[in-house]
$ cat coords.txt   # compact mmCIF, C-alpha atoms
# COMPACT_ATOMS: atom_id res chain seq x y z
CA MET O 12 -12.92 2.16 -17.95
CA GLY O 13 -15.07 5.25 -18.43
CA GLN O 14 -14.08 8.85 -17.99
CA GLY O 15 -15.44 9.21 -14.45
CA LEU O 16 -16.43 12.61 -13.09
CA LEU O 17 -14.54 15.86 -12.90
CA ALA O 18 -16.13 16.59 -9.52
CA PRO O 19 -14.55 15.25 -6.30
CA SER O 20 -14.80 11.48 -6.06
CA PHE O 21 -16.87 11.56 -2.85
CA GLN O 22 -19.38 14.35 -2.44
CA ARG O 23 -22.83 15.09 -1.06
CA ILE O 24 -25.77 15.50 -3.39
CA ASP O 25 -29.00 16.60 -1.68
CA GLY O 26 -27.44 15.63 1.63
CA ALA O 27 -26.47 12.08 0.65
CA LEU O 28 -22.94 10.79 0.01
CA TRP O 29 -22.11 9.66 -3.51
CA CYS O 30 -19.03 8.03 -5.00
CA GLU O 31 -18.60 9.66 -8.38
CA GLY O 32 -22.03 9.14 -10.04
CA VAL O 33 -23.39 6.45 -7.70
CA PRO O 34 -25.08 6.95 -4.29
CA LEU O 35 -23.43 4.99 -1.48
CA GLN O 36 -26.93 4.12 -0.24
CA GLN O 37 -27.58 2.30 -3.51
CA LEU O 38 -24.32 0.37 -3.24
CA ALA O 39 -25.10 -0.68 0.33
CA GLU O 40 -28.57 -1.86 -0.63
CA SER O 41 -27.29 -3.79 -3.64
CA ALA O 42 -24.08 -5.31 -2.27
CA GLY O 43 -24.68 -5.29 1.49
CA THR O 44 -22.41 -4.07 4.27
CA PRO O 45 -19.69 -3.84 5.28
CA ALA O 46 -18.24 -3.08 1.86
CA TYR O 47 -15.18 -1.30 0.52
CA VAL O 48 -15.92 1.15 -2.30
CA TYR O 49 -13.17 2.44 -4.62
CA SER O 50 -13.26 5.43 -6.95
CA SER O 51 -11.58 4.93 -10.32
CA SER O 52 -11.34 8.66 -10.98
CA SER O 53 -9.49 9.23 -7.71
CA ILE O 54 -6.84 6.67 -8.65
CA ARG O 55 -6.49 8.18 -12.11
CA GLY O 56 -6.16 11.64 -10.61
CA GLN O 57 -3.47 10.71 -8.10
CA PHE O 58 -1.43 8.88 -10.74
CA ALA O 59 -1.68 11.87 -13.08
CA ARG O 60 -0.66 14.22 -10.26
CA LEU O 61 2.47 12.25 -9.45
CA SER O 62 3.39 11.57 -13.06
CA GLY O 63 2.98 15.23 -13.91
CA ALA O 64 5.22 16.31 -11.05
CA LEU O 65 7.95 13.91 -12.24
CA ALA O 66 7.52 14.62 -15.95
CA ALA O 67 10.87 16.41 -16.33
CA ILE O 68 12.81 13.53 -14.75
CA PRO O 69 13.42 10.12 -16.38
CA HIS O 70 11.36 7.94 -14.07
CA ARG O 71 9.30 4.82 -13.48
CA VAL O 72 6.34 4.66 -11.08
CA HIS O 73 6.08 1.24 -9.41
CA TYR O 74 2.88 0.89 -7.38
CA ALA O 75 3.41 -0.84 -4.02
CA VAL O 76 0.94 -3.72 -4.27
CA LYS O 77 0.92 -4.22 -0.50
CA ALA O 78 -1.24 -1.10 -0.12
CA ASN O 79 -4.14 -2.70 -1.99
CA GLY O 80 -3.72 -5.70 -4.26
CA ASN O 81 -7.23 -5.94 -5.71
CA LEU O 82 -6.93 -7.15 -9.30
CA ALA O 83 -9.23 -4.46 -10.68
CA ILE O 84 -7.15 -1.72 -9.07
CA LEU O 85 -3.96 -3.30 -10.41
CA ALA O 86 -5.45 -3.55 -13.89
CA LEU O 87 -6.53 0.11 -13.77
CA LEU O 88 -3.05 1.23 -12.75
CA ARG O 89 -1.47 -0.95 -15.44
CA SER O 90 -3.70 0.72 -18.04
CA LEU O 91 -2.39 4.10 -16.89
CA GLY O 92 1.22 3.08 -17.50
CA CYS O 93 2.08 2.28 -13.89
CA ASP O 94 4.52 -0.52 -12.98
CA VAL O 95 4.48 -2.57 -9.75
CA ASP O 96 6.53 -3.27 -6.65
CA VAL O 97 5.78 -6.55 -4.85
CA VAL O 98 7.03 -7.96 -1.55
CA SER O 99 5.97 -11.62 -1.74
CA GLY O 100 5.44 -14.44 -4.16
CA GLY O 101 1.71 -14.01 -3.66
CA GLU O 102 1.86 -10.37 -4.67
CA LEU O 103 3.93 -11.31 -7.71
CA HIS O 104 1.25 -13.83 -8.65
CA ARG O 105 -1.38 -11.10 -8.25
CA ALA O 106 0.60 -8.75 -10.48
CA PHE O 107 0.85 -11.38 -13.20
CA ALA O 108 -2.88 -12.17 -12.84
CA ALA O 109 -3.64 -8.46 -13.40
CA GLY O 110 -1.65 -8.50 -16.64
CA PHE O 111 1.69 -7.02 -15.58
CA GLN O 112 4.72 -8.35 -17.38
CA ALA O 113 7.89 -9.29 -15.51
CA ASP O 114 9.80 -6.35 -16.99
CA ARG O 115 7.40 -4.00 -15.16
CA THR O 116 8.00 -5.57 -11.76
CA ILE O 117 10.34 -4.97 -8.82
CA PHE O 118 10.41 -7.67 -6.14
CA GLY O 119 11.36 -6.33 -2.71
CA GLY O 120 10.82 -7.51 0.84
CA VAL O 121 13.09 -8.31 3.76
CA GLY O 122 12.29 -12.02 4.02
CA LYS O 123 11.94 -13.60 0.58
CA THR O 124 12.13 -17.39 0.62
CA SER O 125 14.26 -19.38 -1.80
CA ALA O 126 11.05 -20.61 -3.44
CA GLU O 127 9.86 -17.03 -3.97
CA LEU O 128 13.23 -15.96 -5.35
CA ALA O 129 13.32 -18.92 -7.74
CA TYR O 130 9.77 -18.08 -8.89
CA ALA O 131 10.86 -14.51 -9.61
CA LEU O 132 14.01 -15.60 -11.44
CA ARG O 133 12.18 -18.15 -13.58
CA ASN O 134 9.77 -15.43 -14.65
CA GLY O 135 12.48 -12.84 -15.37
CA VAL O 136 11.46 -10.18 -12.82
CA HIS O 137 13.01 -6.86 -13.77
CA VAL O 138 14.75 -6.13 -10.44
CA LEU O 139 15.18 -8.17 -7.25
CA SER O 140 15.69 -5.73 -4.40
CA VAL O 141 18.26 -7.24 -2.03
CA GLU O 142 18.10 -6.53 1.70
CA SER O 143 21.02 -8.55 3.08
CA ALA O 144 24.36 -10.06 2.09
CA ASP O 145 22.95 -13.55 2.72
CA GLU O 146 20.10 -12.90 0.31
CA LEU O 147 22.53 -11.73 -2.37
CA ASP O 148 24.48 -15.00 -2.16
CA ILE O 149 21.28 -17.07 -2.34
CA ILE O 150 20.13 -15.16 -5.43
CA ASP O 151 23.49 -15.75 -7.11
CA ARG O 152 23.30 -19.49 -6.38
CA LEU O 153 19.69 -19.82 -7.55
CA ALA O 154 20.38 -17.82 -10.70
CA GLY O 155 23.34 -20.10 -11.48
CA ASP O 156 21.18 -23.18 -10.97
CA LEU O 157 18.55 -21.76 -13.33
CA GLY O 158 21.06 -20.56 -15.92
CA VAL O 159 19.96 -16.91 -15.73
CA ARG O 160 21.54 -13.63 -14.67
CA ALA O 161 19.66 -11.91 -11.87
CA ARG O 162 19.14 -8.15 -12.07
CA VAL O 163 19.49 -6.93 -8.49
CA GLY O 164 19.18 -3.69 -6.63
CA LEU O 165 20.42 -2.96 -3.12
CA ARG O 166 17.91 -1.55 -0.67
CA VAL O 167 20.01 0.53 1.69
CA ASN O 168 18.96 1.56 5.17
CA PRO O 169 20.35 5.12 5.22
CA GLU O 170 19.85 5.37 9.00
CA VAL O 171 18.30 8.82 8.95
CA THR O 172 15.87 10.46 11.36
CA VAL O 173 12.37 9.75 10.09
CA GLU O 174 9.33 11.81 11.11
CA SER O 175 6.13 9.82 10.57
CA THR O 176 2.72 9.32 12.12
CA HIS O 177 3.58 6.04 13.85
CA ASP O 178 6.74 4.16 14.81
CA TYR O 179 5.54 1.00 13.05
CA ILE O 180 5.76 2.65 9.62
CA LYS O 181 9.30 4.02 9.97
CA THR O 182 11.75 1.84 8.02
CA GLY O 183 14.92 3.88 7.48
CA GLN O 184 16.30 4.40 10.98
CA LYS O 185 19.27 2.72 12.65
CA GLY O 186 18.38 -0.77 13.82
CA ASP O 187 15.31 -1.19 11.60
CA LYS O 188 14.96 -4.65 10.07
CA PHE O 189 14.69 -3.30 6.55
CA GLY O 190 17.53 -2.86 4.09
CA ILE O 191 21.30 -3.12 4.28
CA PRO O 192 22.82 -0.86 6.96
CA VAL O 193 24.52 2.06 5.25
CA ASP O 194 27.92 1.23 6.71
CA GLN O 195 27.74 -2.26 5.13
CA ALA O 196 26.31 -1.23 1.77
CA LEU O 197 29.58 -0.69 -0.10
CA THR O 198 30.86 -4.09 1.05
CA VAL O 199 27.70 -5.77 -0.24
CA ALA O 200 27.86 -3.80 -3.49
CA THR O 201 31.48 -4.85 -3.95
CA ARG O 202 30.43 -8.44 -3.39
CA ALA O 203 27.64 -8.10 -5.97
CA ALA O 204 30.14 -6.83 -8.54
CA THR O 205 32.18 -10.03 -8.20
CA LEU O 206 29.36 -12.59 -8.36
CA PRO O 207 28.98 -14.36 -11.71
CA ASN O 208 25.18 -14.62 -11.81
CA VAL O 209 24.04 -11.16 -10.77
CA ALA O 210 24.10 -7.69 -12.29
CA LEU O 211 23.85 -4.73 -9.93
CA VAL O 212 21.36 -2.37 -11.60
CA ALA O 213 19.84 -0.30 -8.78
CA ILE O 214 20.65 1.47 -5.54
CA GLY O 215 17.69 2.49 -3.42
CA MET O 216 15.99 3.09 -0.12
CA HIS O 217 12.54 3.12 1.44
CA ILE O 218 12.57 5.05 4.69
CA GLY O 219 8.94 4.78 5.76
CA SER O 220 5.33 5.69 5.17
CA GLN O 221 3.34 8.85 5.91
CA LEU O 222 6.49 10.96 6.06
CA THR O 223 5.59 14.28 7.66
CA ASP O 224 9.00 15.86 6.98
CA LEU O 225 10.54 15.54 3.53
CA ALA O 226 13.98 16.37 4.94
CA ALA O 227 14.49 12.65 5.57
CA TYR O 228 14.42 12.09 1.79
CA GLY O 229 17.18 14.64 1.35
CA ASP O 230 19.28 13.09 4.11
CA GLY O 231 18.84 9.63 2.64
CA LEU O 232 19.66 10.78 -0.87
CA VAL O 233 22.96 12.24 0.31
CA ARG O 234 23.98 8.79 1.50
CA LEU O 235 22.71 7.02 -1.62
CA GLU O 236 24.63 9.39 -3.89
CA GLU O 237 27.82 8.83 -1.91
CA LEU O 238 27.32 5.08 -2.30
CA ILE O 239 26.67 5.38 -6.04
CA VAL O 240 29.88 7.37 -6.51
CA ALA O 241 31.82 4.76 -4.52
CA VAL O 242 30.31 1.85 -6.45
CA ARG O 243 31.14 3.44 -9.78
CA SER O 244 34.71 4.02 -8.60
CA LEU O 245 34.99 0.23 -8.43
CA GLY O 246 34.38 0.10 -12.19
CA VAL O 247 30.73 -0.96 -11.90
CA SER O 248 28.94 0.39 -14.96
CA SER O 249 25.69 -1.58 -14.77
CA LEU O 250 23.67 0.84 -12.58
CA GLU O 251 20.40 1.96 -14.17
CA TYR O 252 18.11 3.10 -11.35
CA LEU O 253 18.00 5.32 -8.28
CA ASP O 254 15.07 4.02 -6.19
CA VAL O 255 13.69 6.37 -3.52
CA GLY O 256 10.83 4.13 -2.42
CA GLY O 257 7.45 5.47 -1.33
CA GLY O 258 6.20 7.23 1.76
CA LEU O 259 4.45 10.32 0.39
CA PHE O 260 2.05 11.77 2.95
CA VAL O 261 -1.70 11.28 2.57
CA PRO O 262 -4.10 13.46 4.63
CA TYR O 263 -6.61 11.55 6.76
CA ALA O 264 -8.13 14.57 8.50
CA ASP O 265 -7.57 18.21 7.55
CA GLU O 266 -3.80 18.05 7.00
CA ASP O 267 -2.08 19.47 3.94
CA PRO O 268 -1.37 16.94 1.16
CA ALA O 269 2.16 15.95 0.16
CA ASP O 270 4.24 18.80 -1.23
CA LEU O 271 5.17 17.28 -4.58
CA GLU O 272 7.00 20.39 -5.73
CA ARG O 273 9.40 20.22 -2.80
CA TYR O 274 9.65 16.44 -3.15
CA VAL O 275 10.78 16.76 -6.76
CA ALA O 276 13.15 19.63 -5.89
CA LEU O 277 14.94 17.33 -3.42
CA ILE O 278 15.22 14.43 -5.84
CA ARG O 279 15.90 16.04 -9.20
CA PRO O 280 19.48 17.28 -8.59
CA VAL O 281 20.58 13.84 -7.43
CA VAL O 282 18.99 12.15 -10.44
CA GLU O 283 20.72 14.61 -12.76
CA ARG O 284 24.13 14.18 -11.12
CA THR O 285 23.96 10.37 -11.04
CA ARG O 286 22.44 10.15 -14.55
CA LEU O 287 20.17 7.31 -13.40
CA THR O 288 16.48 6.70 -14.00
CA LEU O 289 14.39 7.50 -10.94
CA VAL O 290 12.16 4.80 -9.45
CA VAL O 291 9.37 5.74 -7.05
CA GLU O 292 7.20 3.19 -5.24
CA PRO O 293 3.98 4.89 -4.08
CA GLY O 294 1.24 2.78 -2.56
CA ARG O 295 -0.95 4.67 -0.11
CA PHE O 296 -0.52 7.88 -2.15
CA LEU O 297 -2.29 6.37 -5.16
CA VAL O 298 -5.18 4.51 -3.52
CA ALA O 299 -5.87 5.61 0.07
CA GLU O 300 -8.22 8.49 -0.71
CA ALA O 301 -9.89 6.44 -3.45
CA GLY O 302 -11.45 4.03 -0.96
CA VAL O 303 -14.13 4.15 1.73
CA LEU O 304 -15.58 1.50 4.01
CA VAL O 305 -19.37 1.58 4.22
CA THR O 306 -20.79 0.06 7.40
CA ARG O 307 -24.22 -0.12 9.02
CA VAL O 308 -25.02 0.76 12.64
CA LEU O 309 -26.42 -2.37 14.27
CA TYR O 310 -27.11 -0.94 17.71
CA ARG O 311 -26.91 2.30 19.64
CA LYS O 312 -26.48 2.02 23.41
CA ARG O 313 -25.21 3.78 26.52
CA SER O 314 -22.43 2.41 28.72
CA GLY O 315 -20.45 4.13 31.47
CA GLY O 316 -21.64 7.57 30.47
CA ARG O 317 -20.68 7.04 26.83
CA THR O 318 -22.82 6.49 23.75
CA LEU O 319 -21.74 3.58 21.56
CA LEU O 320 -22.55 2.85 17.95
CA VAL O 321 -22.02 -0.86 17.27
CA THR O 322 -21.37 -1.33 13.55
CA ASP O 323 -21.19 -4.38 11.32
CA ALA O 324 -17.56 -3.53 10.42
CA GLY O 325 -14.89 -4.34 12.96
CA MET O 326 -11.15 -4.47 13.48
CA ASN O 327 -11.02 -7.57 11.29
CA ASP O 328 -12.27 -5.42 8.39
CA LEU O 329 -10.21 -2.29 9.12
CA ILE O 330 -7.43 -2.80 11.65
CA ARG O 331 -5.70 0.58 11.33
CA PRO O 332 -7.56 2.39 14.16
CA SER O 333 -6.81 -0.42 16.60
CA HIS O 334 -3.31 -1.33 15.42
CA TYR O 335 -1.90 2.11 14.57
CA GLN O 336 -4.28 4.32 16.58
CA ALA O 337 -5.05 5.76 13.14
CA TYR O 338 -7.65 8.43 12.53
CA HIS O 339 -10.23 7.93 9.77
CA ARG O 340 -12.88 10.55 9.11
CA ILE O 341 -16.37 9.10 9.57
CA GLU O 342 -19.63 10.59 8.30
CA ALA O 343 -23.20 9.41 8.01
CA VAL O 344 -24.13 8.45 4.47
CA ASP O 345 -27.37 10.42 4.84
CA GLY O 346 -26.61 13.80 6.32
CA ILE O 347 -28.23 14.81 9.61
CA ALA O 348 -28.02 18.33 11.03
CA THR O 349 -27.78 17.36 14.70
CA ARG O 350 -24.56 15.95 16.07
CA ALA O 351 -23.45 13.92 19.08
CA THR O 352 -20.33 12.23 20.43
CA PHE O 353 -19.91 8.48 20.02
CA ASP O 354 -17.55 5.57 20.36
CA VAL O 355 -17.85 3.76 17.03
CA VAL O 356 -17.13 0.11 17.84
CA GLY O 357 -17.29 -3.16 15.97
CA PRO O 358 -18.76 -6.60 16.67
CA ILE O 359 -15.47 -8.36 17.48
CA CYS O 360 -15.00 -9.84 20.96
CA GLU O 361 -12.08 -7.54 21.80
CA SER O 362 -12.06 -4.29 23.76
CA GLY O 363 -9.62 -2.97 21.13
CA ASP O 364 -12.23 -3.33 18.40
CA PHE O 365 -13.14 0.22 17.41
CA LEU O 366 -13.21 2.57 14.44
CA ALA O 367 -13.26 5.78 16.50
CA ILE O 368 -13.38 6.79 20.18
CA GLY O 369 -15.04 9.95 21.42
CA ARG O 370 -15.86 11.09 17.89
CA GLU O 371 -18.36 13.82 17.12
CA LEU O 372 -20.52 12.96 14.13
CA GLU O 373 -24.13 13.00 12.97
CA ASP O 374 -26.64 11.94 15.63
CA VAL O 375 -27.53 8.64 13.95
CA SER O 376 -29.60 5.71 15.16
CA SER O 377 -29.60 1.95 14.58
CA GLY O 378 -29.82 1.11 10.89
CA ALA O 379 -27.94 4.18 9.69
CA LEU O 380 -25.08 3.85 7.23
CA LEU O 381 -21.65 5.27 8.08
CA CYS O 382 -18.82 6.01 5.65
CA VAL O 383 -15.24 5.56 6.84
CA PHE O 384 -13.00 7.63 4.59
CA THR O 385 -9.44 7.17 3.29
CA ALA O 386 -9.72 3.39 3.54
CA GLY O 387 -8.35 2.47 0.13
CA ALA O 388 -4.90 1.56 1.47
CA TYR O 389 -4.13 -1.02 4.14
CA GLY O 390 -7.82 -1.75 4.57
CA TYR O 391 -9.08 -4.88 2.86
CA CYS O 392 -5.54 -6.19 2.32
CA MET O 393 -4.97 -6.24 6.12
CA SER O 394 -8.39 -7.71 6.92
CA SER O 395 -8.80 -11.10 8.55
CA ASN O 396 -11.34 -13.74 9.44
CA TYR O 397 -10.99 -13.24 13.19
CA ASN O 398 -14.12 -14.40 15.07
CA ALA O 399 -14.84 -16.45 11.93
CA ARG O 400 -16.12 -13.39 10.09
CA PRO O 401 -16.22 -13.49 6.29
CA ARG O 402 -14.36 -10.61 4.70
CA PRO O 403 -16.41 -7.82 3.05
CA ALA O 404 -17.10 -7.21 -0.61
CA GLU O 405 -15.04 -4.76 -2.65
CA LEU O 406 -16.76 -2.51 -5.18
CA MET O 407 -15.36 -0.19 -7.83
CA VAL O 408 -17.14 2.86 -9.22
CA ASP O 409 -16.36 4.41 -12.57
CA GLY O 410 -18.51 7.41 -13.37
CA ASP O 411 -22.15 6.34 -13.09
CA ARG O 412 -21.43 2.60 -13.18
CA TRP O 413 -20.13 0.19 -10.56
CA ALA O 414 -19.03 -3.40 -10.24
CA VAL O 415 -18.21 -5.98 -7.58
CA VAL O 416 -14.44 -6.51 -7.87
CA SER O 417 -14.15 -8.93 -4.94
CA MET O 418 -17.11 -10.98 -3.79
CA ARG O 419 -18.11 -11.05 -0.15
CA GLU O 420 -16.77 -14.20 1.50
CA THR O 421 -19.21 -16.80 2.78
CA CYS O 422 -19.07 -19.06 5.82
CA GLU O 423 -18.29 -21.89 3.43
CA ASP O 424 -15.17 -20.00 2.34
CA LEU O 425 -13.98 -19.94 5.95
CA VAL O 426 -13.67 -23.73 6.15
CA ARG O 427 -12.88 -24.52 2.52
CA LEU O 428 -9.23 -25.41 3.20
CA GLU O 429 -9.83 -27.27 6.48
CA THR O 430 -10.94 -30.76 7.44
CA ALA O 431 -12.59 -32.17 10.55
CA THR O 432 -11.34 -35.65 9.63
CA PRO O 433 -7.60 -35.40 9.11
CA THR O 434 -5.57 -38.10 7.39
CA TRP O 435 -3.04 -39.11 10.03
CA ARG O 436 0.54 -40.00 9.18
CA ASN O 437 3.24 -41.82 11.10
CA GLY O 438 6.82 -40.54 11.26
$ encode --input "coords.txt" --output "structure tokens"
Amino acid sequence: MGQGLLAPSFQRIDGALWCEGVPLQQLAESAGTPAYVYSSSSIRGQFARLSGALAAIPHRVHYAVKANGNLAILALLRSLGCDVDVVSGGELHRAFAAGFQADRTIFGGVGKTSAELAYALRNGVHVLSVESADELDIIDRLAGDLGVRARVGLRVNPEVTVESTHDYIKTGQKGDKFGIPVDQALTVATRAATLPNVALVAIGMHIGSQLTDLAAYGDGLVRLEELIVAVRSLGVSSLEYLDVGGGLFVPYADEDPADLERYVALIRPVVERTRLTLVVEPGRFLVAEAGVLVTRVLYRKRSGGRTLLVTDAGMNDLIRPSHYQAYHRIEAVDGIATRATFDVVGPICESGDFLAIGRELEDVSSGALLCVFTAGAYGYCMSSNYNARPRPAELMVDGDRWAVVSMRETCEDLVRLETATPTWRNG
């Protein structure tokens, strides 16, 4: 990868939006729309920012692949020294395909199948993050069958009050499906210490995404430290890691970015007292601002006193506005001085298919290109083929060069795994 630019990753030059050293207009003309565009320099910058903040603490940064699993992004992060956190067998396969070794991988997730667990164990995944007592017993049995010793961590639900931008991305409150309830954690840890085919190496939590109040980290860490002290009092000496998960805030509008100084100030004393290596699992923080979705206005029309821009990108391409009522800044690729208020809607046959409602932006017409910002996380990876729509291309920019890192799907791709003439079976 090249050096990229020192200037902001997305900026206007003579009124037009560029990604690093490449105009978005050029990318749209060459690769078509809709298309996701990722900035290499933005990813490098965010990783350097986080790594620098944690430099005084023994730590490992494990990128949460679920945020964006594109192989080129994974390979870039691997080259920077980042490790990975996966939550499915498919994500583990992606990590291996991008060149990650098993000893750089944590496998989490609340519903791992026995097949996925066996796949991880056969490949020697560094840590299996356990989310229930049942899962712990299954791992022990599978590890015994395979003749290996599983390295496990316990993901604890600390049951703290979490302040976030949406209820769906809170994962550390009482009753959430994720993790082992805090009042059961010592019992499960005690069980782990007695099983012959597991080694308990980590205690951790992940309390949610887009955390607007860092106090929840502090509250959760209090409970994790109490658990670590209790586990060690049982004579367990195998602990290596304190895992605090992800969740660092990313601004989508004009909010302040995550306060890394305060974040580190909350974590560092606990790391020093427990004498464990810190594990952080950022996803959105590393890639969200690196990505945009470029879409073309197909039609402009009036309806019920409102002006609609119908774009070629819909909820199947970027579901966050519809699913989470999420805000994404939108600007015209070619700047226009006059402004108007629009509903920016997609082509999907759903009333919930929109990118923005009642949004003031440049007074564009049919054929104009729009740029949807902060789309590098939970964009393409949550896209679908609803309405039989092929998924968009993904492009990566590095300085003044760019590449297609995921080809646009075709209609043939939509039916590749199906058949109109099934082979019927009896019984």
$ atom_distance --input "coords.txt" --atom1 "CA of Thr288 in chain O" --atom2 "CA of Gly120 in chain O"
21.3 Å
$ atom_distance --input "coords.txt" --atom1 "CA of Arg133 in chain O" --atom2 "CA of Asp145 in chain O"
20.1 Å
$ closest_residue --input "coords.txt" --among "O:Asp323, O:Asp94, O:Asp270, O:Glu127" --to "Ser377 in chain O" --atoms "only C-alpha atoms"
O:Asp323
$ closest_residue --input "coords.txt" --among "O:Gln336, O:Ser362, O:Thr385, O:Thr285" --to "Glu236 in chain O" --atoms "all atoms listed in the file"
O:Thr285
$ residues_around --input "coords.txt" --residues "Ile359 in chain O" --least-positions-apart "5" --cutoff "7 Å" --atoms "all atoms listed in the file" --output "PyMOL selection string"
chain O and resi 325+364+398
$ closest_residue --input "coords.txt" --among "O:Met407, O:Val355, O:Val121, O:Ala399" --to "Arg340 in chain O" --atoms "only C-alpha atoms"
O:Val355
$ atom_distance --input "coords.txt" --atom1 "CA of Gly346 in chain O" --atom2 "CA of Asn79 in chain O"
29.1 Å
